[in-house]
Amino acid sequence: MRAPATDRGRLLLVLAAGTAVTVFTATVPLLRDWFDLRVYHGAVDTWIHHGGRLYDYRVPGTTYGFTYPPFAAVAMLPMALLDLRAAIAVGLLLNLVALAVVVRLLTGRAWRRYGWYGCALGACALALFEPLRDTFSFGQVNLLLLALVLVDAWLLATGRERWAGAGIGLAAAVKLTPALFIMLLLLARRGRAAAVATVVALTATGFAALVAPDASRFYWTDAMWDTTRVGRLDYVSNQSLQGVLARLGETDRAVWAVAVLLTLGVWAVRARRAVAAGDWAAAFALTGLAACLVSPITWVHHLVWLLPSFAVLVRAGHSRIAGALYAMLCTSVVWLWFDDASGVDGFLGSNLYTWVTLGLLLRLPVGQSATGRPNRARSANAIDPAPSPAAPRMAHVSSQPGPEPFGETAAATGTASGPGCGFTLSASSEPTGSTRPAAPNPQSSSARASS
């Protein structure tokens with residue numbers, strides 16, 4: 001099918017696509033009614049204005065409450081100044097800004113070549129992506145955390161390393177899962193950035209302990225270790241390795257631990273290979289994939305961490321594979337096994353998003369440019385070839401004004417990269433409590449519950 005050749009044809013196609021997306025969103029997906037944001041707002045409001053304990057709060061009529069580390073609640077304290085509708089509006093705006101940052105960091109200048117038409121179709125595609133739909137519909141924080149982590153990747157790739165690691169540290173203080181990116185920094189031998197991330201995470205956690213000592217004591221000694229407080233492990237939205245095992249009826253923690261260790265081993269080997277090739281985009285994408293797999297609970301909306309993987313696939317010239325996998329995560333197909341995940345079809349279908357994540361971890365292209373050729377970082381003492389007659393023209397083109405995308409910046413500092421989609425190394429040296437509220441036996445809890 002050929003793209004429309006006229007602006008009128010493009011406009012009609014965009015309107016048709018927008019209508020189809022609207023109809024699909026209104027009829028197929030499960031709309032979440034800002035449930036998680038209502039958890040955040042209610043917990044903070046009760047804690048600040050009514051003298052309640054942070055982890056005792058429940059959304060009226062449910063068993064769900066706050067499950068994040070105490071620093072997350074401290075960061076959300078401005079919610080106490082807003083009513084629920086205003087908090088929803090602010091949350092929606094923050095998610096839109098975070099999405100714009102993520103798209104900009106993943107695509108560089110590439111989006112400009114497609115103009116309004118390409119951007120409109122891209123927005124329709126993003127609106128179909130189930131993890132994004134759920135993130136907006138729940139009022140979740142995953143996009144904000146992804147943006148923080150990718151900003152760190154940009155700082156590292158462009159040689160602005162003074163504050164690199166701060167975003168990862170903040171993300172790890174809000175949720176535990178992003179702490180795996182600190183391990184990536186250690187694998188990449190970015191000791192300074194790893195130290196910054198660790199210090200920021202510990203400082204934020206310590207500050208929360210000063211502000212909310214009782215809540216901090218309860219979280220770190222009790223709530224963090226009790227996964228049943230977050231939700232049912234076998235709930236179909238849990239697309240982690242633990243979720244697969246729980247739906248199989250396997251409750252032995254040793255089996256899960258072995259699966260986690262094997263997954264982390266594969267991640268370490270592949271991430272080191274990406275680092276050695278100077279492919280920072282693939283290294284970060286692989287880390288996001290591994291974090292989703294090894295976390296005890298990975299709700300569908302956590303899978304926004306897969307977005308960097310699709311950018312890597314496109315950059316490496318595998319657009320059709322990226323499109324097919326992306327389409328799978330737009331279908332909400334796993335919910336067909338909401339009531340019964342037994343049998344071969346249940347094993348395959350209810351865990352489909354896990355299989356996509358695992359397949360990407362195993363097969364994501366590493367160290368490749370947009371043409372699919374190996375992408376090797378140049379050493380600092382590499383000898384440049386003699387200038388060619390084309391050099392002045394190339395210099396003129398590269399001096400065009402505008403913000404620096406990762407690929408072009410890396411090329412200027414002596415590393416290789418695909419255009420736009422991703423970041424490369426420069427020459428210089430977590431659990432949420434949202435599930436479907438109407439689910440039977442939604443979560444077991446003790447006398448003091450968390451969200």
# chains A, B, ... in the order shown; residues from 1 in each chain; ligands from 1
>>> residues_around(residues="range 238-243 of chain A", least_positions_apart="3", cutoff="10 Å", atoms="only C-alpha atoms", output="JSON, numbers by chain")
{"A": [231, 232, 233, 234, 235, 246, 247, 248, 249, 250, 251, 253, 255, 256, 257, 259, 260, 263, 290, 291, 292, 293, 294, 295, 296, 297, 298, 299, 300, 301, 302, 303, 334, 350, 351, 352, 353, 354, 355, 357, 358, 435]}
>>> closest_atom_pairs(of="range 73-161 of chain A", to="range 8-19 of chain A", cutoff="8 Å", atoms="only C-alpha atoms", output="CSV")
residue,atom,partner,partner_atom,distance
A:Tyr117,CA,A:Arg10,CA,6.6
A:Ala120,CA,A:Val14,CA,6.6
A:Leu121,CA,A:Val14,CA,6.4
A:Cys124,CA,A:Gly18,CA,6.2
>>> write_last_selection(atoms="all heavy atoms", output="mmCIF file, in the first residue's frame")
data_model
loop_
_atom_site.group_PDB
_atom_site.id
_atom_site.type_symbol
_atom_site.label_atom_id
_atom_site.label_comp_id
_atom_site.auth_asym_id
_atom_site.auth_seq_id
_atom_site.Cartn_x
_atom_site.Cartn_y
_atom_site.Cartn_z
ATOM 1 N N TYR A 117 2.575 14.730 9.152
ATOM 2 C CA TYR A 117 1.911 13.478 8.766
ATOM 3 C C TYR A 117 2.490 12.286 9.525
ATOM 4 O O TYR A 117 1.768 11.500 10.139
ATOM 5 C CB TYR A 117 2.074 13.301 7.256
ATOM 6 C CG TYR A 117 1.631 11.972 6.710
ATOM 7 C CD1 TYR A 117 0.297 11.584 6.753
ATOM 8 C CD2 TYR A 117 2.561 11.107 6.120
ATOM 9 C CE1 TYR A 117 -0.104 10.363 6.231
ATOM 10 C CE2 TYR A 117 2.168 9.896 5.596
ATOM 11 C CZ TYR A 117 0.833 9.528 5.654
ATOM 12 O OH TYR A 117 0.446 8.318 5.143
ATOM 13 N N ALA A 120 1.676 12.503 13.272
ATOM 14 C CA ALA A 120 0.287 12.165 13.582
ATOM 15 C C ALA A 120 0.082 10.655 13.574
ATOM 16 O O ALA A 120 -0.560 10.091 14.464
ATOM 17 C CB ALA A 120 -0.650 12.836 12.591
ATOM 18 N N LEU A 121 0.639 9.976 12.558
ATOM 19 C CA LEU A 121 0.520 8.524 12.520
ATOM 20 C C LEU A 121 1.285 7.882 13.673
ATOM 21 O O LEU A 121 0.846 6.879 14.249
ATOM 22 C CB LEU A 121 1.045 7.987 11.183
ATOM 23 C CG LEU A 121 0.219 8.335 9.930
ATOM 24 C CD1 LEU A 121 0.852 7.708 8.693
ATOM 25 C CD2 LEU A 121 -1.227 7.870 10.083
ATOM 26 N N CYS A 124 -0.823 8.047 16.728
ATOM 27 C CA CYS A 124 -1.856 6.996 16.697
ATOM 28 C C CYS A 124 -1.270 5.657 17.118
ATOM 29 O O CYS A 124 -1.901 4.887 17.863
ATOM 30 C CB CYS A 124 -2.450 6.893 15.295
ATOM 31 S SG CYS A 124 -3.489 8.298 14.818
#
>>> residues_around(residues="Cys119 in chain A", least_positions_apart="6", cutoff="12 Å", atoms="only C-alpha atoms", output="ChimeraX atom specification")
/A:10,14,100,103-104,107,110-113,125-126
>>> closest_residue(among="A:Ala268, A:Leu144, A:Ile182, A:Ala164", to="Leu132 in chain A", atoms="only C-alpha atoms")
A:Leu144
>>> select_by_dssp(residues="range 10-132 of chain A", states="alpha helix (DSSP H)", output="MDAnalysis selection string")
chainID A and resid 10:27 35:49 70:75 84:107 115:128 130:132
>>> decode(residues="range 143-194 of chain A", atoms="C-alpha atoms", output="PDB file, in the first residue's frame")
ATOM      1  CA  LEU A 143       6.926   7.080  31.823  1.00  0.00           C
ATOM      2  CA  LEU A 144       8.430   9.583  34.232  1.00  0.00           C
ATOM      3  CA  LEU A 145      10.922   6.988  35.438  1.00  0.00           C
ATOM      4  CA  LEU A 146      11.773   5.920  31.882  1.00  0.00           C
ATOM      5  CA  ALA A 147      12.408   9.553  30.950  1.00  0.00           C
ATOM      6  CA  LEU A 148      14.733   9.993  33.951  1.00  0.00           C
ATOM      7  CA  VAL A 149      16.744   6.922  32.973  1.00  0.00           C
ATOM      8  CA  LEU A 150      16.986   7.894  29.297  1.00  0.00           C
ATOM      9  CA  VAL A 151      18.154  11.401  30.206  1.00  0.00           C
ATOM     10  CA  ASP A 152      21.040   9.736  32.033  1.00  0.00           C
ATOM     11  CA  ALA A 153      21.800   7.724  28.899  1.00  0.00           C
ATOM     12  CA  TRP A 154      21.883  10.973  26.920  1.00  0.00           C
ATOM     13  CA  LEU A 155      24.238  12.586  29.434  1.00  0.00           C
ATOM     14  CA  LEU A 156      26.611   9.647  29.231  1.00  0.00           C
ATOM     15  CA  ALA A 157      26.483   9.395  25.444  1.00  0.00           C
ATOM     16  CA  THR A 158      27.165  13.085  24.925  1.00  0.00           C
ATOM     17  CA  GLY A 159      30.009  13.358  27.438  1.00  0.00           C
ATOM     18  CA  ARG A 160      28.004  15.438  29.942  1.00  0.00           C
ATOM     19  CA  GLU A 161      28.889  13.070  32.758  1.00  0.00           C
ATOM     20  CA  ARG A 162      28.955  15.362  35.768  1.00  0.00           C
ATOM     21  CA  TRP A 163      25.368  14.578  36.782  1.00  0.00           C
ATOM     22  CA  ALA A 164      24.962  11.315  34.883  1.00  0.00           C
ATOM     23  CA  GLY A 165      23.417   8.727  37.185  1.00  0.00           C
ATOM     24  CA  ALA A 166      21.198  11.170  39.078  1.00  0.00           C
ATOM     25  CA  GLY A 167      18.127  10.212  37.038  1.00  0.00           C
ATOM     26  CA  ILE A 168      18.710   6.510  37.611  1.00  0.00           C
ATOM     27  CA  GLY A 169      19.176   7.157  41.333  1.00  0.00           C
ATOM     28  CA  LEU A 170      15.902   9.069  41.577  1.00  0.00           C
ATOM     29  CA  ALA A 171      14.064   6.379  39.614  1.00  0.00           C
ATOM     30  CA  ALA A 172      15.458   3.662  41.902  1.00  0.00           C
ATOM     31  CA  ALA A 173      14.361   5.635  44.980  1.00  0.00           C
ATOM     32  CA  VAL A 174      10.787   5.833  43.636  1.00  0.00           C
ATOM     33  CA  LYS A 175      10.611   2.172  42.538  1.00  0.00           C
ATOM     34  CA  LEU A 176      13.099  -0.626  43.120  1.00  0.00           C
ATOM     35  CA  THR A 177      13.270  -2.159  39.629  1.00  0.00           C
ATOM     36  CA  PRO A 178      15.298   0.666  37.939  1.00  0.00           C
ATOM     37  CA  ALA A 179      18.161  -0.115  40.350  1.00  0.00           C
ATOM     38  CA  LEU A 180      19.288  -2.681  37.751  1.00  0.00           C
ATOM     39  CA  PHE A 181      20.528   0.265  35.665  1.00  0.00           C
ATOM     40  CA  ILE A 182      23.125   0.925  38.374  1.00  0.00           C
ATOM     41  CA  MET A 183      24.452  -2.560  37.646  1.00  0.00           C
ATOM     42  CA  LEU A 184      24.597  -1.608  33.972  1.00  0.00           C
ATOM     43  CA  LEU A 185      26.755   1.411  34.844  1.00  0.00           C
ATOM     44  CA  LEU A 186      29.107  -0.897  36.736  1.00  0.00           C
ATOM     45  CA  LEU A 187      29.229  -3.305  33.770  1.00  0.00           C
ATOM     46  CA  ALA A 188      30.046  -0.344  31.539  1.00  0.00           C
ATOM     47  CA  ARG A 189      32.808   0.719  33.949  1.00  0.00           C
ATOM     48  CA  ARG A 190      31.156   4.059  34.481  1.00  0.00           C
ATOM     49  CA  GLY A 191      32.134   4.152  38.145  1.00  0.00           C
ATOM     50  CA  ARG A 192      31.425   7.843  38.633  1.00  0.00           C
ATOM     51  CA  ALA A 193      27.908   7.570  37.210  1.00  0.00           C
ATOM     52  CA  ALA A 194      27.243   4.431  39.263  1.00  0.00           C
TER      53      ALA A 194
END
